[in-house]
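Source file: entry-v2.txt. Holds: compact mmCIF, C-alpha atoms.
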```txt
# COMPACT_ATOMS: atom_id res chain seq x y z
CA MET A 28 0.00 0.00 0.00
CA LEU A 29 1.22 3.48 -0.82
CA THR A 30 0.99 6.11 1.92
CA CYS A 31 -0.25 9.66 1.29
CA ARG A 32 3.33 10.84 1.71
CA GLU A 33 4.48 8.48 -1.03
CA MET A 34 1.56 9.57 -3.20
CA SER A 35 2.61 13.22 -2.84
CA GLU A 36 6.17 12.33 -3.87
CA LEU A 37 4.82 10.57 -6.97
CA GLY A 38 2.55 13.53 -7.79
CA SER A 39 4.30 14.79 -10.92
CA ALA A 40 4.83 11.28 -12.29
CA ILE A 41 1.12 10.61 -11.69
CA ILE A 42 -0.12 13.71 -13.53
CA GLU A 43 2.24 13.02 -16.43
CA GLY A 44 1.23 9.35 -16.63
CA ASP A 45 4.88 8.44 -16.18
CA LEU A 46 4.63 5.32 -14.00
CA ARG A 47 5.39 1.62 -14.25
CA LEU A 48 2.34 -0.60 -14.43
CA SER A 49 2.73 -1.96 -10.88
CA THR A 50 3.02 1.55 -9.43
CA ARG A 51 0.12 2.75 -11.55
CA TRP A 52 -2.04 0.04 -10.03
CA ALA A 53 -0.97 0.97 -6.49
CA VAL A 54 -1.75 4.64 -7.23
CA PHE A 55 -5.16 3.72 -8.62
CA MET A 56 -6.00 1.69 -5.51
CA HIS A 57 -4.89 4.51 -3.20
CA LEU A 58 -6.90 7.15 -5.07
CA ARG A 59 -10.03 4.97 -4.91
CA MET A 60 -10.06 5.13 -1.14
CA CYS A 61 -8.36 8.46 -0.39
CA SER A 62 -10.26 11.63 -1.23
CA ARG A 63 -7.48 13.78 0.27
CA CYS A 64 -4.89 12.55 -2.22
CA THR A 65 -7.44 12.72 -5.03
CA ILE A 66 -7.86 16.44 -4.31
CA TYR A 67 -4.12 17.04 -3.93
CA ILE A 68 -3.20 15.33 -7.20
CA LYS A 69 -6.01 17.12 -9.04
CA GLN A 70 -4.82 20.48 -7.71
CA LEU A 71 -1.20 19.70 -8.58
CA LYS A 72 -2.31 19.00 -12.15
CA LEU A 73 -4.24 22.26 -12.24
CA THR A 74 -1.14 24.08 -10.92
CA SER A 75 0.91 22.63 -13.77
CA GLU A 76 -1.73 23.62 -16.35
CA VAL A 77 -1.91 27.16 -14.98
CA LEU A 78 1.87 27.53 -15.32
CA GLN A 79 1.77 26.18 -18.88
CA LYS A 80 -0.83 28.75 -19.84
CA LEU A 81 0.58 31.63 -17.82
CA PRO A 82 1.23 34.65 -20.04
CA LEU A 83 4.30 36.66 -19.09
CA THR A 84 3.18 39.66 -21.11
CA ASP A 85 5.07 42.83 -20.27
CA GLU A 86 3.39 45.94 -21.66
CA ASN A 87 6.24 48.10 -20.39
CA VAL A 88 9.01 46.47 -22.40
CA ASP A 89 10.59 49.06 -24.71
CA THR A 90 9.81 47.36 -28.02
CA GLN A 91 10.96 50.37 -30.06
CA ALA A 92 14.43 50.25 -28.51
CA ILE A 93 14.70 46.52 -29.21
CA LEU A 94 13.53 46.88 -32.82
CA LYS A 95 15.91 49.80 -33.35
CA LYS A 96 18.86 47.73 -32.11
CA LEU A 97 17.82 44.86 -34.36
CA ASN A 98 17.60 47.18 -37.36
CA ASN A 99 21.03 48.62 -36.65
CA ARG A 100 22.48 45.13 -36.40
CA GLU A 101 20.95 44.05 -39.68
CA GLN A 102 22.39 46.95 -41.61
CA MET B 4 -3.71 28.99 -30.60
CA ASP B 5 -5.54 30.64 -33.48
CA ASP B 6 -4.30 34.00 -32.25
CA GLU B 7 -0.78 32.63 -32.42
CA GLN B 8 -1.24 31.43 -36.01
CA GLU B 9 -2.50 34.87 -36.97
CA LEU B 10 0.41 36.54 -35.19
CA ILE B 11 2.92 34.29 -37.00
CA ARG B 12 1.26 35.01 -40.34
CA ARG B 13 1.70 38.74 -39.71
CA LEU B 14 5.29 38.29 -38.50
CA ARG B 15 6.15 36.57 -41.75
CA LYS B 16 4.91 39.61 -43.60
CA GLY B 17 7.13 41.82 -41.47
CA ASP B 18 4.15 43.59 -39.91
CA SER B 19 5.70 45.99 -37.38
CA THR B 20 2.78 45.92 -34.94
CA ALA B 21 3.08 42.13 -34.90
CA LEU B 22 6.80 42.43 -34.10
CA GLU B 23 5.99 44.70 -31.20
CA ALA B 24 3.19 42.44 -30.01
CA VAL B 25 5.33 39.31 -29.98
CA ILE B 26 8.13 41.08 -28.11
CA LYS B 27 5.65 42.25 -25.47
CA LEU B 28 4.31 38.72 -25.16
CA HIS B 29 7.59 36.85 -24.76
CA HIS B 30 10.51 39.16 -23.96
CA ALA B 31 10.08 38.90 -20.18
CA PHE B 32 9.94 35.10 -20.44
CA LEU B 33 13.15 34.96 -22.50
CA VAL B 34 14.99 37.24 -20.06
CA ALA B 35 13.80 35.25 -17.05
CA MET B 36 14.82 31.98 -18.68
CA ALA B 37 18.26 33.24 -19.72
CA MET B 38 19.03 34.84 -16.35
CA PRO B 39 20.39 31.77 -14.52
CA LEU B 40 22.38 30.68 -17.58
CA VAL B 41 24.26 33.92 -18.26
CA GLY B 42 23.64 36.13 -15.24
CA PRO B 43 21.44 39.21 -14.86
CA ASP B 44 23.67 41.56 -16.90
CA SER B 45 23.60 39.45 -20.06
CA ALA B 46 20.09 38.02 -19.95
CA ASP B 47 18.70 40.93 -21.93
CA ASP B 48 21.43 40.49 -24.59
CA VAL B 49 20.43 36.84 -24.95
CA ALA B 50 16.82 37.90 -25.47
CA GLN B 51 17.93 40.47 -28.10
CA GLU B 52 19.95 37.86 -29.97
CA THR B 53 16.98 35.53 -29.77
CA TRP B 54 14.74 38.09 -31.47
CA LEU B 55 17.32 38.68 -34.18
CA LYS B 56 17.59 34.95 -34.94
CA ALA B 57 13.86 34.37 -34.58
CA PHE B 58 12.76 37.15 -36.92
CA ALA B 59 15.33 36.04 -39.50
CA ALA B 60 14.10 32.45 -39.31
CA ILE B 61 10.36 32.95 -38.81
CA ASN B 62 9.65 31.39 -42.20
CA LYS B 63 11.27 28.18 -40.98
CA PHE B 64 8.99 27.99 -37.94
CA GLU B 65 6.68 25.11 -38.75
CA GLY B 66 4.21 25.65 -35.96
CA ARG B 67 4.55 22.14 -34.56
CA ALA B 68 5.67 23.55 -31.22
CA LYS B 69 4.27 26.58 -29.49
CA LEU B 70 6.00 29.82 -30.45
CA ARG B 71 7.20 30.17 -26.84
CA THR B 72 8.89 26.75 -27.07
CA TRP B 73 10.58 27.62 -30.36
CA LEU B 74 11.86 30.90 -28.90
CA ALA B 75 13.05 29.12 -25.75
CA ARG B 76 15.16 26.74 -27.85
CA ILE B 77 16.77 29.63 -29.70
CA ALA B 78 17.41 31.47 -26.41
CA ILE B 79 19.14 28.45 -24.84
CA ASN B 80 21.43 28.14 -27.87
CA GLU B 81 22.21 31.85 -27.70
CA ALA B 82 22.93 31.62 -23.97
CA HIS B 83 25.38 28.77 -24.57
CA ALA B 84 27.02 30.63 -27.44
CA MET B 85 27.48 33.65 -25.20
CA ARG B 86 29.00 31.56 -22.44
CA ARG B 87 31.43 29.94 -24.87
CA LYS B 88 32.40 33.30 -26.33
CA ARG B 89 33.15 34.71 -22.90
CA GLY B 90 35.06 31.57 -21.99
CA ARG B 91 33.41 31.26 -18.64
CA GLU B 92 30.68 29.20 -17.20
CA ILE B 93 28.24 30.55 -14.69
CA ALA B 94 28.66 28.22 -11.76
CA LEU B 95 25.40 26.51 -10.99
CA ASP B 96 26.72 25.49 -7.58
CA GLY B 97 24.46 23.31 -5.56
CA TRP B 98 21.92 23.00 -8.35
CA GLY B 99 19.92 19.81 -8.51
CA ILE B 100 20.08 18.99 -4.82
CA ASP B 101 16.63 18.00 -3.58
CA SER B 102 15.37 20.57 -1.07
CA GLY B 103 12.84 18.03 0.23
CA SER B 104 9.07 18.10 0.24
CA PRO B 105 7.56 21.49 1.10
CA ILE B 106 4.54 19.70 2.60
CA SER B 107 6.37 17.14 4.77
CA SER B 108 4.80 18.57 7.95
CA ARG B 109 1.31 17.72 6.73
CA PHE B 110 1.70 13.97 7.19
CA SER B 111 1.21 11.81 10.27
CA GLU B 112 3.95 9.45 11.43
CA GLN B 113 2.27 6.75 9.39
CA GLY B 114 2.50 8.94 6.30
CA ALA B 115 -1.20 9.85 6.03
CA LEU B 116 -2.31 13.38 5.11
CA ASP B 117 -3.45 14.82 8.44
CA ALA B 118 -6.19 17.09 7.04
CA PRO B 119 -8.18 17.28 3.83
CA PRO B 120 -6.79 19.83 1.34
CA SER B 121 -9.00 22.91 0.90
CA GLN B 122 -11.44 22.88 -1.96
CA TRP B 123 -10.60 25.44 -4.64
CA HIS B 124 -13.11 27.87 -6.13
CA HIS B 125 -11.71 27.38 -9.62
CA ASP B 126 -11.68 24.16 -11.61
CA THR B 127 -9.80 25.05 -14.79
CA PRO B 128 -6.60 26.96 -15.59
CA GLU B 129 -8.66 29.45 -17.62
CA GLU B 130 -10.87 30.23 -14.61
CA LEU B 131 -7.84 30.67 -12.36
CA LEU B 132 -6.09 32.93 -14.84
CA THR B 133 -9.03 35.35 -15.03
CA GLU B 134 -7.91 36.66 -11.63
CA ALA B 135 -5.54 39.53 -12.43
CA GLU B 136 -4.18 39.57 -8.90
CA LEU B 137 -3.33 35.91 -9.18
CA HIS B 138 -1.17 36.53 -12.27
CA GLU B 139 0.94 38.95 -10.25
CA CYS B 140 1.09 36.53 -7.35
CA ILE B 141 2.25 33.63 -9.53
CA ARG B 142 4.96 35.75 -11.13
CA LYS B 143 6.16 36.91 -7.73
CA HIS B 144 6.32 33.37 -6.37
CA LEU B 145 7.99 32.00 -9.49
CA HIS B 146 10.85 34.40 -8.81
CA LYS B 147 10.95 33.30 -5.18
CA LEU B 148 11.57 29.64 -6.10
CA PRO B 149 15.13 28.39 -5.62
CA GLY B 150 17.10 29.09 -8.82
CA ASP B 151 17.24 25.51 -10.04
CA GLN B 152 13.51 24.90 -9.51
CA GLN B 153 12.69 28.23 -11.12
CA SER B 154 14.73 27.42 -14.21
CA VAL B 155 13.18 24.00 -14.64
CA VAL B 156 9.62 25.29 -14.11
CA MET B 157 10.26 28.09 -16.65
CA MET B 158 11.74 25.74 -19.23
CA ARG B 159 9.29 22.90 -18.79
CA GLU B 160 5.94 24.45 -17.87
CA LEU B 161 6.11 27.85 -19.52
CA GLY B 162 8.61 26.93 -22.24
CA GLY B 163 7.29 23.46 -23.04
CA LEU B 164 10.80 22.02 -23.49
CA ASP B 165 11.53 18.29 -23.19
CA TYR B 166 13.32 16.82 -20.18
CA ASP B 167 16.43 15.88 -22.15
CA GLU B 168 16.76 19.41 -23.56
CA ILE B 169 16.46 20.91 -20.08
CA ALA B 170 18.95 18.42 -18.62
CA GLN B 171 21.44 19.32 -21.32
CA ALA B 172 20.89 23.06 -20.91
CA LEU B 173 21.51 22.91 -17.17
CA GLY B 174 24.17 20.20 -17.14
CA LEU B 175 22.06 17.95 -14.92
CA VAL B 176 20.62 14.49 -15.43
CA GLU B 177 16.95 13.96 -16.28
CA GLY B 178 16.24 12.47 -12.86
CA ASN B 179 17.33 15.75 -11.24
CA ILE B 180 15.14 17.71 -13.61
CA ARG B 181 12.07 15.66 -12.70
CA VAL B 182 12.67 16.13 -8.97
CA LEU B 183 13.25 19.88 -9.36
CA LEU B 184 10.10 20.24 -11.44
CA HIS B 185 8.07 18.34 -8.87
CA ARG B 186 9.36 20.48 -5.99
CA GLY B 187 8.70 23.65 -7.99
CA ARG B 188 5.16 22.51 -8.76
CA GLN B 189 4.56 21.64 -5.11
CA ARG B 190 5.64 25.10 -4.01
CA MET B 191 3.52 26.78 -6.66
CA HIS B 192 0.61 24.58 -5.58
CA ALA B 193 1.07 25.79 -2.00
CA MET B 194 0.97 29.38 -3.30
CA LEU B 195 -2.22 28.79 -5.31
CA ASN B 196 -3.74 27.00 -2.34
CA HIS B 197 -3.05 29.98 -0.11
CA PHE B 198 -4.63 32.26 -2.69
CA GLU B 199 -7.72 30.06 -2.92
CA GLU B 200 -8.04 29.91 0.88
CA VAL B 201 -7.41 33.56 1.70
CA GLY B 202 -8.27 35.34 -1.55
CA THR B 203 -5.05 37.38 -1.59
CA CYS B 204 -1.44 36.69 -2.46
```
Show me this structure written as structure tokens.
Amino acid sequence: MLTCREMSELGSAIIEGDLRLSTRWAVFMHLRMCSRCTIYIKQLKLTSEVLQKLPLTDENVDTQAILKKLNNREQ
Amino acid sequence: MDDEQELIRRLRKGDSTALEAVIKLHHAFLVAMAMPLVGPDSADDVAQETWLKAFAAINKFEGRAKLRTWLARIAINEAHAMRRKRGREIALDGWGIDSGSPISSRFSEQGALDAPPSQWHHDTPEELLTEAELHECIRKHLHKLPGDQQSVVMMRELGGLDYDEIAQALGLVEGNIRVLLHRGRQRMHAMLNHFEEVGTC
């Protein structure tokens, strides 16, 4: 049986589906009976998805200065 | 991704507003990703070089990866080129050492979670990202991660790079990269959890 602690350590492997068959079975069995880990793993997955979709837009970046430098370099 | 296709179409035509738009979208990401590889003084130069290479090669971009991933690959190459040219490596001392689980105190001696995690008000990344304050909070906490975790989270989650590319870029083995990513995710989860519980950063 996997403990919750072990489940939390496997979290990223679980959300990426990156587990051996025997471990996958143990994870499945644990999740069936443990709502706490089910929530934690679900939230960890959501965290990962938020980071993947996070825009790092910076409206204050001086685009004109960058484009000017690029133009000078090209000439 | 339709917006991205449209942006790329305009970039290929040399549309100057598209050039400005794409720089606004990704410059901060490129600088943040280059920072640990070349240091704070040269990170902006790496981003500049990246734009030069990217705009020259935009016709070769096939659109199989996200634009951010394609730019990240160029930036890593530029960072390595700069390091070679300067003949010095930025020491990544102590990188890759596991800092341990940030939630280790939440388990009983038997290893069971001692309390149920809080329920979140948001179920999808889109819903979470509608909160402007949360954007700021995530950015702030990304920068507070230990350098190695921050780099791996940037390259993998935001940049969409593969584990072997990241391992090569940082001179670590893939196993290290997976552990660092997991620890970074756990810390960012704790941050999101706090936000969901309290409503502020």
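Reported to one decimal place, the separation of CA of Met157 in chain B from CA of Leu70 in chain B is 14.5 Å.
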Determine, for each residue of chain A having at least one atom at most 10 Å from an atom of chain B, the closest pair of atoms and their separation in Å to one decimal, counting only C-alpha atoms; order by chain and ascending number, as JSON lines.
```
{"residue": "A:Leu29", "atom": "CA", "partner": "B:Gly114", "partner_atom": "CA", "distance": 9.1}
{"residue": "A:Thr30", "atom": "CA", "partner": "B:Gly114", "partner_atom": "CA", "distance": 5.4}
{"residue": "A:Cys31", "atom": "CA", "partner": "B:Ala115", "partner_atom": "CA", "distance": 4.8}
{"residue": "A:Arg32", "atom": "CA", "partner": "B:Gly114", "partner_atom": "CA", "distance": 5.0}
{"residue": "A:Glu33", "atom": "CA", "partner": "B:Gly114", "partner_atom": "CA", "distance": 7.6}
{"residue": "A:Met34", "atom": "CA", "partner": "B:Gly114", "partner_atom": "CA", "distance": 9.6}
{"residue": "A:Ser35", "atom": "CA", "partner": "B:Ser104", "partner_atom": "CA", "distance": 8.7}
{"residue": "A:Glu36", "atom": "CA", "partner": "B:Ser104", "partner_atom": "CA", "distance": 7.7}
{"residue": "A:Leu37", "atom": "CA", "partner": "B:His185", "partner_atom": "CA", "distance": 8.6}
{"residue": "A:Gly38", "atom": "CA", "partner": "B:His185", "partner_atom": "CA", "distance": 7.4}
{"residue": "A:Ser39", "atom": "CA", "partner": "B:His185", "partner_atom": "CA", "distance": 5.6}
{"residue": "A:Ala40", "atom": "CA", "partner": "B:Arg181", "partner_atom": "CA", "distance": 8.5}
{"residue": "A:Cys61", "atom": "CA", "partner": "B:Leu116", "partner_atom": "CA", "distance": 9.5}
{"residue": "A:Ser62", "atom": "CA", "partner": "B:Pro119", "partner_atom": "CA", "distance": 7.9}
{"residue": "A:Arg63", "atom": "CA", "partner": "B:Pro119", "partner_atom": "CA", "distance": 5.0}
{"residue": "A:Cys64", "atom": "CA", "partner": "B:Leu116", "partner_atom": "CA", "distance": 7.8}
{"residue": "A:Thr65", "atom": "CA", "partner": "B:Pro120", "partner_atom": "CA", "distance": 9.6}
{"residue": "A:Ile66", "atom": "CA", "partner": "B:Pro120", "partner_atom": "CA", "distance": 6.7}
{"residue": "A:Tyr67", "atom": "CA", "partner": "B:Pro120", "partner_atom": "CA", "distance": 6.5}
{"residue": "A:Lys69", "atom": "CA", "partner": "B:Asp126", "partner_atom": "CA", "distance": 9.4}
{"residue": "A:Gln70", "atom": "CA", "partner": "B:His192", "partner_atom": "CA", "distance": 7.1}
{"residue": "A:Leu71", "atom": "CA", "partner": "B:His192", "partner_atom": "CA", "distance": 6.0}
{"residue": "A:Lys72", "atom": "CA", "partner": "B:Arg188", "partner_atom": "CA", "distance": 8.9}
{"residue": "A:Leu73", "atom": "CA", "partner": "B:Pro128", "partner_atom": "CA", "distance": 6.2}
{"residue": "A:Thr74", "atom": "CA", "partner": "B:His192", "partner_atom": "CA", "distance": 5.6}
{"residue": "A:Ser75", "atom": "CA", "partner": "B:Arg188", "partner_atom": "CA", "distance": 6.6}
{"residue": "A:Glu76", "atom": "CA", "partner": "B:Pro128", "partner_atom": "CA", "distance": 6.0}
{"residue": "A:Val77", "atom": "CA", "partner": "B:Pro128", "partner_atom": "CA", "distance": 4.7}
{"residue": "A:Leu78", "atom": "CA", "partner": "B:Glu160", "partner_atom": "CA", "distance": 5.7}
{"residue": "A:Gln79", "atom": "CA", "partner": "B:Glu160", "partner_atom": "CA", "distance": 4.6}
{"residue": "A:Lys80", "atom": "CA", "partner": "B:Leu161", "partner_atom": "CA", "distance": 7.0}
{"residue": "A:Leu81", "atom": "CA", "partner": "B:Leu161", "partner_atom": "CA", "distance": 6.9}
{"residue": "A:Pro82", "atom": "CA", "partner": "B:Leu28", "partner_atom": "CA", "distance": 7.2}
{"residue": "A:Leu83", "atom": "CA", "partner": "B:Phe32", "partner_atom": "CA", "distance": 6.0}
{"residue": "A:Thr84", "atom": "CA", "partner": "B:Leu28", "partner_atom": "CA", "distance": 4.3}
{"residue": "A:Asp85", "atom": "CA", "partner": "B:Lys27", "partner_atom": "CA", "distance": 5.3}
{"residue": "A:Glu86", "atom": "CA", "partner": "B:Lys27", "partner_atom": "CA", "distance": 5.8}
{"residue": "A:Asn87", "atom": "CA", "partner": "B:Lys27", "partner_atom": "CA", "distance": 7.8}
{"residue": "A:Val88", "atom": "CA", "partner": "B:Lys27", "partner_atom": "CA", "distance": 6.2}
{"residue": "A:Asp89", "atom": "CA", "partner": "B:Lys27", "partner_atom": "CA", "distance": 8.4}
{"residue": "A:Thr90", "atom": "CA", "partner": "B:Glu23", "partner_atom": "CA", "distance": 5.6}
{"residue": "A:Gln91", "atom": "CA", "partner": "B:Glu23", "partner_atom": "CA", "distance": 7.6}
{"residue": "A:Ile93", "atom": "CA", "partner": "B:Gln51", "partner_atom": "CA", "distance": 6.9}
{"residue": "A:Leu94", "atom": "CA", "partner": "B:Glu23", "partner_atom": "CA", "distance": 8.0}
{"residue": "A:Lys96", "atom": "CA", "partner": "B:Gln51", "partner_atom": "CA", "distance": 8.3}
{"residue": "A:Leu97", "atom": "CA", "partner": "B:Leu55", "partner_atom": "CA", "distance": 6.2}
{"residue": "A:Asn98", "atom": "CA", "partner": "B:Leu55", "partner_atom": "CA", "distance": 9.1}
{"residue": "A:Arg100", "atom": "CA", "partner": "B:Leu55", "partner_atom": "CA", "distance": 8.6}
{"residue": "A:Glu101", "atom": "CA", "partner": "B:Leu55", "partner_atom": "CA", "distance": 8.5}
```
Straight-line distance linking CA of Leu74 in chain B with CA of Leu10 in chain B, stated in Å to one decimal: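 Interatomic distance, CA of Leu74 in chain B to CA of Leu10 in chain B: 14.2 Å.
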Atom-to-atom span, CA of Phe64 in chain B and CA of Leu175 in chain B, Å: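 Computing it gives 28.3 Å between the two atoms.
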With 5 Å added on each side, what axis-aligned box encloses every listed atom of range 56-64 of chain A? Give the centre and edge lengths in Å to one decimal, as lines of an AutoDock Vina configuration file.
```
center_x = -7.6
center_y = 7.7
center_z = -2.6
size_x = 15.4
size_y = 22.1
size_z = 15.8
```
